[in-house]
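Enquirer: Okay, so here is my_file.txt, and as you'll see once you scroll down, it has compact mmCIF, C-alpha atoms.
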```txt
# COMPACT_ATOMS: atom_id res chain seq x y z
CA MET A 1 152.83 102.28 107.42
CA ILE A 2 150.31 104.67 108.99
CA ASN A 3 147.47 103.27 106.87
CA LYS A 4 148.41 99.73 107.91
CA THR A 5 148.39 100.73 111.59
CA LEU A 6 144.99 102.43 111.22
CA ASN A 7 143.59 99.38 109.43
CA ASN A 8 144.79 97.16 112.26
CA ILE A 9 142.98 99.35 114.79
CA PHE A 10 139.82 100.22 112.87
CA LYS A 11 138.92 96.74 111.73
CA GLY A 12 135.49 95.77 110.53
CA ASP A 13 132.86 97.53 108.45
CA LYS A 14 134.03 101.06 107.56
CA VAL A 15 130.51 102.45 107.18
CA ILE A 16 129.61 101.47 110.74
CA TRP A 17 132.85 103.08 111.92
CA MET A 18 131.87 106.30 110.14
CA VAL A 19 128.37 106.25 111.65
CA PHE A 20 129.87 105.67 115.09
CA PHE A 21 132.32 108.57 114.81
CA PHE A 22 129.65 110.95 113.50
CA LEU A 23 127.44 110.06 116.47
CA CYS A 24 130.38 110.62 118.84
CA ILE A 25 131.12 114.04 117.34
CA ILE A 26 127.48 115.07 117.63
CA SER A 27 127.48 113.74 121.19
CA ILE A 28 130.49 115.79 122.28
CA ILE A 29 129.13 119.00 120.72
CA GLU A 30 125.61 118.65 122.08
CA VAL A 31 126.57 117.38 125.54
CA TYR A 32 128.92 120.36 125.87
CA SER A 33 126.08 122.67 124.84
CA ALA A 34 123.37 120.99 126.91
CA SER A 35 125.30 120.62 130.18
CA SER A 36 124.65 124.13 131.51
CA GLN A 37 123.09 122.75 134.71
CA LEU A 38 126.10 120.53 135.34
CA THR A 39 128.37 123.49 134.60
CA TYR A 40 126.52 125.50 137.25
CA LYS A 41 126.91 122.70 139.82
CA ASP A 42 130.58 121.98 139.05
CA GLY A 43 131.61 125.58 138.51
CA SER A 44 133.44 124.61 135.32
CA PHE A 45 132.41 124.89 131.68
CA ILE A 46 134.74 122.19 130.50
CA ALA A 47 134.53 119.58 133.30
CA PRO A 48 131.23 117.88 132.22
CA VAL A 49 132.27 117.47 128.60
CA LEU A 50 135.78 116.31 129.56
CA LYS A 51 134.21 113.61 131.71
CA HIS A 52 131.96 112.65 128.81
CA ILE A 53 134.90 112.51 126.38
CA GLY A 54 136.74 110.31 128.87
CA ILE A 55 133.80 107.90 128.98
CA LEU A 56 133.64 107.87 125.17
CA LEU A 57 137.38 107.10 124.96
CA MET A 58 136.93 104.25 127.43
CA GLY A 59 134.00 103.04 125.34
CA ILE A 60 136.09 103.17 122.16
CA PHE A 61 138.83 101.17 123.89
CA CYS A 62 136.27 98.53 124.94
CA MET A 63 134.88 98.54 121.41
CA VAL A 64 138.30 97.94 119.85
CA VAL A 65 138.95 95.10 122.30
CA THR A 66 135.54 93.58 121.54
CA LEU A 67 135.88 93.74 117.74
CA ASN A 68 139.09 91.72 118.02
CA ILE A 69 137.24 88.87 119.73
CA LYS A 70 136.08 86.15 117.38
CA CYS A 71 132.34 85.71 117.20
CA LYS A 72 132.39 82.11 118.44
CA TYR A 73 133.67 83.26 121.84
CA PHE A 74 130.56 85.34 122.47
CA LYS A 75 128.65 82.09 122.95
CA ILE A 76 130.89 81.13 125.84
CA VAL A 77 130.07 84.21 127.93
CA THR A 78 126.28 83.93 127.46
CA PRO A 79 125.47 81.75 130.54
CA PHE A 80 127.81 83.79 132.74
CA LEU A 81 126.24 87.07 131.63
CA LEU A 82 122.76 85.69 132.27
CA ILE A 83 123.65 84.61 135.81
CA ILE A 84 125.39 87.91 136.55
CA SER A 85 122.44 89.86 135.13
CA VAL A 86 119.87 88.08 137.28
CA LEU A 87 121.94 88.49 140.46
CA MET A 88 122.61 92.17 139.74
CA LEU A 89 118.95 92.89 138.95
CA ILE A 90 117.90 91.29 142.22
CA TRP A 91 120.55 93.32 144.01
CA VAL A 92 119.39 96.61 142.48
CA LEU A 93 115.77 95.75 143.29
CA PHE A 94 116.42 95.47 147.02
CA ALA A 95 119.51 97.59 147.57
CA GLY A 96 119.84 99.78 144.50
CA GLN A 97 120.49 103.52 144.48
CA SER A 98 117.46 105.57 143.44
CA THR A 99 117.24 108.35 140.89
CA ASN A 100 113.91 110.18 140.51
CA GLY A 101 112.16 107.47 142.50
CA ALA A 102 113.50 104.50 140.53
CA ALA A 103 116.11 102.13 141.95
CA ARG A 104 118.19 101.40 138.86
CA TRP A 105 121.78 101.81 139.99
CA VAL A 106 124.33 99.80 141.92
CA GLY A 107 127.68 101.04 143.10
CA ILE A 108 130.96 99.11 143.02
CA LEU A 109 134.33 100.66 143.87
CA GLY A 110 132.86 104.14 143.71
CA MET A 111 131.33 103.62 140.26
CA LYS A 112 127.60 103.53 139.51
CA PHE A 113 126.11 101.48 136.72
CA GLN A 114 122.77 100.07 135.59
CA PRO A 115 122.54 96.25 135.59
CA SER A 116 119.68 96.50 133.08
CA GLU A 117 122.19 97.59 130.42
CA ILE A 118 124.14 94.37 130.88
CA ALA A 119 120.94 92.32 131.04
CA LYS A 120 119.76 93.66 127.67
CA GLY A 121 122.86 92.40 125.90
CA ALA A 122 122.78 89.09 127.77
CA LEU A 123 119.18 88.44 126.72
CA VAL A 124 119.91 89.28 123.07
CA LEU A 125 122.93 86.93 123.21
CA ALA A 126 120.83 84.12 124.67
CA THR A 127 118.02 84.61 122.16
CA ALA A 128 120.46 84.60 119.23
CA GLN A 129 122.06 81.41 120.53
CA ILE A 130 118.72 79.62 120.97
CA LEU A 131 117.44 80.66 117.54
CA SER A 132 120.67 79.63 115.81
CA ALA A 133 120.93 76.29 117.60
CA MET A 134 117.33 75.31 116.80
CA GLN A 135 117.07 76.35 113.16
CA THR A 136 115.66 73.83 110.68
CA GLU A 137 114.97 74.03 106.96
CA LYS A 138 111.43 75.21 107.74
CA GLY A 139 112.45 77.75 110.37
CA ALA A 140 113.02 77.62 114.11
CA ASP A 141 112.01 74.48 115.97
CA LYS A 142 108.80 74.98 117.94
CA HIS A 143 110.67 74.38 121.21
CA ALA A 144 112.87 77.44 120.61
CA PHE A 145 109.91 79.67 121.47
CA LYS A 146 109.54 78.00 124.87
CA TYR A 147 113.23 78.29 125.72
CA ILE A 148 113.31 81.99 124.80
CA LEU A 149 110.29 82.68 127.01
CA VAL A 150 111.95 80.86 129.92
CA VAL A 151 115.08 83.00 129.63
CA CYS A 152 112.98 86.16 129.31
CA ALA A 153 111.03 85.20 132.43
CA PHE A 154 114.21 85.48 134.51
CA ILE A 155 115.24 88.88 133.13
CA ILE A 156 112.32 91.02 131.99
CA PRO A 157 110.15 90.98 135.17
CA LEU A 158 113.14 92.12 137.24
CA ILE A 159 113.70 95.05 134.86
CA LEU A 160 109.97 95.81 134.66
CA VAL A 161 109.60 96.55 138.37
CA GLU A 162 111.76 99.67 138.19
CA ASN A 163 112.09 100.42 134.48
CA PHE A 164 108.98 99.79 132.41
CA SER A 165 110.27 101.47 129.23
CA THR A 166 113.46 99.38 129.12
CA ALA A 167 111.48 96.16 129.67
CA PHE A 168 109.03 97.15 126.93
CA LEU A 169 111.74 97.99 124.40
CA LEU A 170 113.58 94.76 125.20
CA CYS A 171 110.37 92.77 124.61
CA VAL A 172 109.96 94.45 121.21
CA VAL A 173 113.53 93.57 120.24
CA ILE A 174 113.19 89.92 121.31
CA PHE A 175 109.89 89.61 119.44
CA LEU A 176 111.45 91.01 116.25
CA MET A 177 114.37 88.62 116.66
CA MET A 178 111.91 85.72 116.85
CA VAL A 179 110.22 86.99 113.67
CA LEU A 180 113.61 87.14 111.91
CA GLY A 181 114.48 83.73 113.39
CA ARG A 182 111.36 82.25 111.75
CA VAL A 183 109.65 81.17 114.93
CA PRO A 184 106.27 79.67 113.89
CA MET A 185 103.73 82.44 113.29
CA LYS A 186 101.13 80.52 115.26
CA GLN A 187 103.25 80.76 118.40
CA LEU A 188 103.98 84.46 117.79
CA GLY A 189 100.27 85.11 117.29
CA GLN A 190 99.44 83.35 120.55
CA LEU A 191 102.14 85.38 122.29
CA LEU A 192 100.69 88.63 120.97
CA GLY A 193 97.23 87.62 122.21
CA VAL A 194 98.53 86.86 125.70
CA VAL A 195 100.57 90.08 125.75
CA VAL A 196 97.51 92.15 124.80
CA ILE A 197 95.46 90.59 127.61
CA LEU A 198 98.25 91.02 130.16
CA GLY A 199 98.87 94.55 128.88
CA VAL A 200 95.25 95.52 129.47
CA LEU A 201 95.33 94.05 132.97
CA PHE A 202 98.64 95.77 133.73
CA PHE A 203 97.30 99.09 132.45
CA ALA A 204 94.23 98.68 134.65
CA MET A 205 96.43 97.98 137.69
CA ILE A 206 98.48 101.11 137.00
CA MET A 207 95.40 103.30 136.72
CA LEU A 208 93.74 101.79 139.80
CA MET A 209 96.72 101.42 142.11
CA GLY A 210 98.90 104.31 141.00
CA LYS A 211 98.90 107.28 143.37
CA VAL A 212 100.01 110.58 141.89
CA GLN A 213 101.54 113.06 144.27
CA LYS A 214 101.10 116.74 143.59
CA PRO A 215 104.27 118.67 142.76
CA VAL A 216 105.83 120.41 145.70
CA SER A 217 108.48 122.51 143.98
CA ALA A 218 108.66 124.50 140.79
CA ASP A 219 112.27 123.40 140.35
CA GLN A 220 111.54 119.68 140.09
CA SER A 221 111.59 117.81 136.79
CA LEU A 222 108.50 116.02 135.49
CA SER A 223 109.76 112.63 136.67
CA GLU A 224 110.10 114.10 140.18
CA GLN A 225 106.81 116.00 140.01
CA THR A 226 104.63 113.12 138.94
CA THR A 227 105.59 110.71 141.68
CA GLU A 228 105.18 108.99 144.20
CA ILE A 229 103.61 106.74 146.72
CA VAL A 230 104.38 107.75 150.26
CA GLN A 231 106.83 105.18 151.61
CA GLU A 232 107.14 106.05 155.26
CA LYS A 233 105.99 102.55 156.23
CA GLU A 234 106.98 100.74 153.08
CA ASN A 235 106.10 97.07 152.87
CA VAL A 236 106.93 94.49 150.23
CA VAL A 237 103.87 95.27 148.09
CA GLU A 238 104.68 98.97 147.98
CA LYS A 239 108.27 98.13 147.12
CA VAL A 240 107.08 96.32 144.01
CA PHE A 241 104.35 98.74 142.93
CA HIS A 242 105.74 102.11 143.99
CA ARG A 243 106.44 103.10 140.36
CA PHE A 244 102.76 102.86 139.43
CA GLY A 245 102.19 106.46 140.46
CA THR A 246 104.88 107.72 138.08
CA TRP A 247 103.62 105.59 135.19
CA LYS A 248 100.01 106.66 135.78
CA ALA A 249 100.93 110.35 135.76
CA ARG A 250 102.89 109.98 132.53
CA ILE A 251 100.05 108.07 130.84
CA MET A 252 97.52 110.67 131.93
CA LYS A 253 99.71 113.52 130.74
CA PHE A 254 100.37 111.89 127.37
CA SER A 255 96.72 110.96 126.78
CA ASP A 256 95.44 114.43 127.69
CA ARG A 257 94.98 115.99 124.27
CA ASN A 258 92.92 119.02 125.32
CA TYR A 259 94.16 122.18 123.67
CA ILE A 260 96.03 124.51 125.99
CA ALA A 261 96.78 128.04 124.83
CA PRO A 262 100.51 128.91 125.00
CA ALA A 263 99.78 131.59 127.60
CA ASP A 264 98.08 129.01 129.85
CA VAL A 265 100.87 126.40 129.84
CA ASP A 266 102.22 125.77 133.33
CA LEU A 267 105.98 125.77 132.78
CA ASP A 268 106.57 124.61 136.35
CA LYS A 269 104.19 121.67 136.32
CA ASP A 270 104.96 120.47 132.78
CA ALA A 271 108.61 121.52 132.71
CA GLN A 272 110.17 118.82 130.54
CA THR A 273 107.50 118.48 127.85
CA ALA A 274 106.81 122.21 127.73
CA HIS A 275 110.44 123.26 127.36
CA ALA A 276 111.11 120.48 124.86
CA ASN A 277 108.24 121.81 122.75
CA ILE A 278 109.58 125.35 123.08
CA ALA A 279 113.04 124.18 122.01
CA ILE A 280 111.64 122.53 118.88
CA ALA A 281 109.29 125.42 118.02
CA SER A 282 111.98 128.07 118.51
CA SER A 283 114.41 126.34 116.15
CA ASN A 284 112.73 128.12 113.21
CA VAL A 285 113.51 125.14 110.97
CA VAL A 286 117.18 126.12 110.42
CA GLY A 287 118.19 126.07 114.10
CA LYS A 288 120.00 128.58 116.28
CA GLY A 289 123.46 127.10 115.72
CA PRO A 290 125.66 124.90 117.96
CA GLY A 291 125.95 126.23 121.50
CA ASN A 292 123.07 128.69 121.17
CA SER A 293 120.32 126.71 122.89
CA VAL A 294 118.17 128.58 125.39
CA GLU A 295 116.00 125.74 126.67
CA ARG A 296 119.00 123.74 127.91
CA ASP A 297 118.86 125.93 131.02
CA PHE A 298 115.31 124.78 131.78
CA LEU A 299 115.25 121.12 130.70
CA SER A 300 116.32 118.98 133.66
CA GLN A 301 117.66 116.20 131.41
CA ALA A 302 118.77 118.30 128.43
CA PHE A 303 122.05 116.37 128.17
CA SER A 304 120.39 112.96 128.41
CA ASP A 305 116.72 112.10 127.90
CA PHE A 306 115.88 115.28 125.95
CA ILE A 307 119.10 115.90 124.06
CA TYR A 308 117.27 115.36 120.76
CA ALA A 309 115.14 118.44 121.49
CA ILE A 310 118.34 120.45 121.99
CA ILE A 311 119.73 119.06 118.71
CA ILE A 312 116.61 120.28 116.90
CA GLU A 313 116.79 123.68 118.61
CA GLU A 314 120.41 124.20 117.62
CA MET A 315 120.70 122.30 114.33
CA GLY A 316 117.14 122.58 113.01
CA ILE A 317 115.30 120.07 110.89
CA VAL A 318 118.46 119.19 108.94
CA GLY A 319 120.26 118.19 112.14
CA ALA A 320 117.27 116.19 113.37
CA VAL A 321 117.00 114.30 110.08
CA ALA A 322 120.76 113.73 109.96
CA VAL A 323 120.79 112.09 113.40
CA ALA A 324 117.83 109.86 112.53
CA PHE A 325 119.52 109.00 109.22
CA LEU A 326 122.68 107.82 110.99
CA TYR A 327 120.70 105.28 113.02
CA ILE A 328 118.89 104.08 109.90
CA VAL A 329 122.24 103.63 108.12
CA LEU A 330 123.48 101.62 111.12
CA LEU A 331 120.47 99.29 110.86
CA ILE A 332 120.67 98.93 107.07
CA ARG A 333 124.40 98.33 107.10
CA THR A 334 124.04 95.70 109.82
CA GLY A 335 121.39 94.05 107.66
CA ARG A 336 123.90 93.81 104.81
CA ILE A 337 126.45 92.26 107.16
CA VAL A 338 123.84 89.76 108.32
CA ASN A 339 123.05 88.78 104.73
CA ARG A 340 126.72 87.87 104.21
CA CYS A 341 126.94 85.66 107.31
CA GLU A 342 127.06 81.94 106.65
CA ASN A 343 126.25 80.97 110.25
CA ASN A 344 123.01 81.86 112.00
CA PHE A 345 124.36 82.90 115.41
CA PRO A 346 126.38 85.95 114.29
CA ALA A 347 123.54 87.00 112.01
CA PHE A 348 120.92 86.93 114.77
CA LEU A 349 123.28 88.54 117.29
CA ALA A 350 124.26 91.44 115.02
CA MET A 351 120.66 92.14 114.04
CA GLY A 352 119.46 91.91 117.63
CA LEU A 353 122.04 94.43 118.87
CA ALA A 354 121.35 96.80 115.96
CA LEU A 355 117.63 96.64 116.69
CA LEU A 356 118.34 97.30 120.37
CA LEU A 357 120.24 100.51 119.54
CA VAL A 358 117.97 101.78 116.79
CA ILE A 359 114.63 101.11 118.48
CA GLN A 360 115.82 102.86 121.63
CA ALA A 361 116.95 105.80 119.51
CA ILE A 362 113.60 106.00 117.74
CA PHE A 363 111.76 105.89 121.04
CA ASN A 364 113.94 108.63 122.54
CA MET A 365 113.31 110.84 119.52
CA CYS A 366 109.57 110.19 119.71
CA VAL A 367 109.57 111.24 123.38
CA ALA A 368 111.45 114.45 122.57
CA VAL A 369 108.93 115.50 119.91
CA GLY A 370 105.89 114.46 121.94
CA LEU A 371 104.94 111.25 120.10
CA ALA A 372 105.49 108.98 123.12
CA PRO A 373 105.15 109.31 126.91
CA VAL A 374 108.15 110.63 128.85
CA THR A 375 110.58 107.88 129.87
CA GLY A 376 114.17 107.67 130.99
CA GLN A 377 115.61 106.30 127.75
CA PRO A 378 118.80 108.09 126.60
CA LEU A 379 119.72 108.57 122.95
CA PRO A 380 122.28 105.81 122.27
CA LEU A 381 125.86 107.01 121.71
CA ILE A 382 124.78 110.67 121.92
CA SER A 383 123.28 111.27 125.38
CA LYS A 384 125.60 111.83 128.29
CA GLY A 385 125.91 108.67 130.32
CA GLY A 386 128.24 106.19 131.93
CA THR A 387 126.99 102.61 131.78
CA SER A 388 124.82 103.10 128.71
CA THR A 389 127.62 104.73 126.68
CA MET A 390 130.15 102.02 127.57
CA ILE A 391 127.75 99.16 126.88
CA ASN A 392 126.51 100.68 123.61
CA CYS A 393 130.13 100.97 122.43
CA ILE A 394 130.59 97.28 123.22
CA TYR A 395 127.44 96.47 121.23
CA VAL A 396 128.91 98.29 118.22
CA GLY A 397 132.17 96.40 118.81
CA VAL A 398 130.30 93.09 118.61
CA ILE A 399 128.71 94.13 115.31
CA LEU A 400 132.13 95.14 113.96
CA SER A 401 133.59 91.82 115.14
CA ILE A 402 130.88 89.96 113.25
CA SER A 403 131.51 92.08 110.15
CA ARG A 404 135.18 91.07 110.08
CA SER A 405 135.37 87.57 111.54
CA ALA A 406 132.12 85.78 110.78
CA LYS A 407 132.28 83.26 107.96
CA LYS A 408 130.98 84.66 104.70
CA LYS A 409 128.59 82.94 102.35
CA PRO A 410 130.64 81.45 99.52
CA MET A 411 130.20 83.36 96.28
CA PRO A 412 130.04 81.11 93.21
CA THR A 413 132.96 81.65 90.81
CA GLU A 414 132.43 82.14 87.12
CA SER A 415 133.93 78.74 86.28
CA ALA A 416 131.80 77.01 88.88
CA SER A 417 128.71 78.67 87.47
CA MET A 418 129.57 77.59 83.92
CA GLY A 419 130.20 74.06 85.20
CA ALA A 420 126.81 73.96 86.84
CA VAL A 421 125.17 75.10 83.63
CA ALA A 422 127.03 72.40 81.68
CA LEU A 423 125.92 69.70 84.12
CA ALA A 424 122.36 70.92 83.85
```
Starting from the file, give its structure as structure tokens.

Expert:
Amino acid sequence: MINKTLNNIFKGDKVIWMVFFFLCIISIIEVYSASSQLTYKDGSFIAPVLKHIGILLMGIFCMVVTLNIKCKYFKIVTPFLLIISVLMLIWVLFAGQSTNGAARWVGILGMKFQPSEIAKGALVLATAQILSAMQTEKGADKHAFKYILVVCAFIIPLILVENFSTAFLLCVVIFLMMVLGRVPMKQLGQLLGVVVILGVLFFAMIMLMGKVQKPVSADQSLSEQTTEIVQEKENVVEKVFHRFGTWKARIMKFSDRNYIAPADVDLDKDAQTAHANIAIASSNVVGKGPGNSVERDFLSQAFSDFIYAIIIEEMGIVGAVAVAFLYIVLLIRTGRIVNRCENNFPAFLAMGLALLLVIQAIFNMCVAVGLAPVTGQPLPLISKGGTSTMINCIYVGVILSISRSAKKKPMPTESASMGAVALA
């Protein structure tokens, strides 16, 4: 009776469920360990992690609800999600709440959330629907490429203004979905050429127009130190380009490869990257053990953007590899689910959402170990967060729904195979 009840709740692919629960366990342990700054502010050791567990439980509830929705109904919500995403992104652009100089949040009924998280899923949904609807025997119809670009034009520029890294990662995911959807290679090649040209021009604008402000406090994080354009008399142009200063500072910092002796490192100016490096170096391969991190007290986003550095410090190389392995298993397992799907839409949707989670995870880990510039990307399903945790749980719920409800490719029976041989 108990097993039947559990099976009714935990429907879908069991491997993905296992990966999800392992990530949640790691998240609770490491968020509890890395939230020393929040503990100091709240005056309670347990309050930050209890809040995080509450968000995870809400996310699991949303995930269970989502996995019980049949895949065909996801198509119905696509246009509504697109409209809501555009309106919310416009809202956050002009009236959003700022964090570290970036207006990414909106508040409703006392709750803050990031519209970009909803927009990411909406764009993946729309792309999957276009690719599935316009598939031919030779691949996607050439007009599918145009329709995808039109939808992207309404979403990505609005995200780009305040959140370059999210817009970039979303572009990578959509491009990979078009590759998997067999969009003509000629069109993809032309797109890459245009993107390279626009990328060079955009980079030049950042370096020419970005104004880096000198740090004014030793207690500020890197994202606070490396900003910002003075906005006392802010006009429309400054509203659009005010993030250029932050991006320029991060590019300059990442591209500066001059050797600096450990004794000469400015721990105030380069707080995040320096303390992340110290956390990794001091792990001594085997790690210090859960709860024994030292650098969590100095990393301003130890529980979010740089939680992977804390994982390495506490769990060593084995813990770092284990976390990366879980995301790889999620991607591979989703690929197996996709191969069993008879219809194109669930296949493209599941793969798009898996790519969204895994690529973001890879990028976060690269930032933590110094292989990519500092951004504000959390580690999916592990970092402390509100909107991102809830939405990521829903993404996993969609994948689980596809694993249990999508039509499977018919497997030929032994008799049918023998009959085919006889006819041949």

Enquirer: Mind dumping a table of every range 325-418 of chain A residue within 10 Å of range 70-86 of chain A, with the nearest atom pair and its distance in Å to one decimal, using only C-alpha atoms, sorted by chain and rising number, as JSON lines?

Expert:
```
{"residue": "A:Phe345", "atom": "CA", "partner": "A:Lys72", "partner_atom": "CA", "distance": 8.6}
{"residue": "A:Pro346", "atom": "CA", "partner": "A:Cys71", "partner_atom": "CA", "distance": 6.6}
{"residue": "A:Leu349", "atom": "CA", "partner": "A:Phe74", "partner_atom": "CA", "distance": 9.5}
{"residue": "A:Val398", "atom": "CA", "partner": "A:Cys71", "partner_atom": "CA", "distance": 7.8}
{"residue": "A:Ile399", "atom": "CA", "partner": "A:Cys71", "partner_atom": "CA", "distance": 9.4}
{"residue": "A:Leu400", "atom": "CA", "partner": "A:Cys71", "partner_atom": "CA", "distance": 10.0}
{"residue": "A:Ser401", "atom": "CA", "partner": "A:Cys71", "partner_atom": "CA", "distance": 6.6}
{"residue": "A:Ile402", "atom": "CA", "partner": "A:Cys71", "partner_atom": "CA", "distance": 6.0}
{"residue": "A:Ser403", "atom": "CA", "partner": "A:Cys71", "partner_atom": "CA", "distance": 9.5}
{"residue": "A:Arg404", "atom": "CA", "partner": "A:Lys70", "partner_atom": "CA", "distance": 8.8}
{"residue": "A:Ser405", "atom": "CA", "partner": "A:Lys70", "partner_atom": "CA", "distance": 6.1}
{"residue": "A:Ala406", "atom": "CA", "partner": "A:Cys71", "partner_atom": "CA", "distance": 6.4}
{"residue": "A:Lys407", "atom": "CA", "partner": "A:Cys71", "partner_atom": "CA", "distance": 9.6}
```

Enquirer: List as number ranges by chain the protein and nucleic acid residues near Val294 in chain A, meaning an atom at most 9 Å away when only C-alpha atoms are counted, but skip any in the same chain fewer than 6 places from it.

Expert: A: 279, 310, 313

Enquirer: Contacts of Ser132 in chain A at 10 Å or less, counting only C-alpha atoms, minus same-chain residues fewer than 5 places along, as a list in words?

Expert: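 After dropping sequence-adjacent residues, the list is Ala126, Thr127, Ala140, Ala144, Gly181, Asn343, Asn344, Phe345, Pro346, Ala347, Phe348 and Leu349 of chain A.
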
Enquirer: Near Leu158 in chain A, within 9 Å and counting only C-alpha atoms, which residues show up once chain neighbours fewer than 4 positions away are dropped, as a list of chain:residue names?

Expert: A:Val86, A:Leu89, A:Ile90, A:Leu93, A:Ser116, A:Ala153, A:Phe154, A:Glu162, A:Asn163, A:Ala167

Enquirer: Excluding Met365 in chain A and its own-chain neighbours fewer than 6 positions away, which residues fall within 9 Å of it when counting all atoms listed in the file? Please give them as a list in words.

Expert: Phe306, Ile307, Tyr308, Ala309, Ala324, Leu371, Ala372 and Leu379 of chain A

Enquirer: Using only C-alpha atoms for the distances, tell me which of A:Gly370, A:Gly397, A:Gly139, A:Gly376 is nearest to Val183 in chain A.

Expert: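 Result for the nearest residue to Val183 in chain A: A:Gly139.
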
Enquirer: Can you pull out the residues contacting Arg296 in chain A? Cut-off 12 Å, using only C-alpha atoms, and skip same-chain residues under 6 positions away; I want them as a ChimeraX atom specification.

Expert: /A:30-39,271-272,275-276,278-280,302-314

Enquirer: Could you check how far CA of Ala122 in chain A sits from CA of Trp17 in chain A, in Å to one decimal?

Expert: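 Separation of CA of Ala122 in chain A and CA of Trp17 in chain A: 23.4 Å.
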
Enquirer: Hey, which of A:Asn339, A:Ser300, A:Ser293, A:Asn392 ends up closest to Val358 in chain A? Count only C-alpha atoms.

Expert: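 Using only C-alpha atoms, Val358 in chain A sits closest to A:Asn392.
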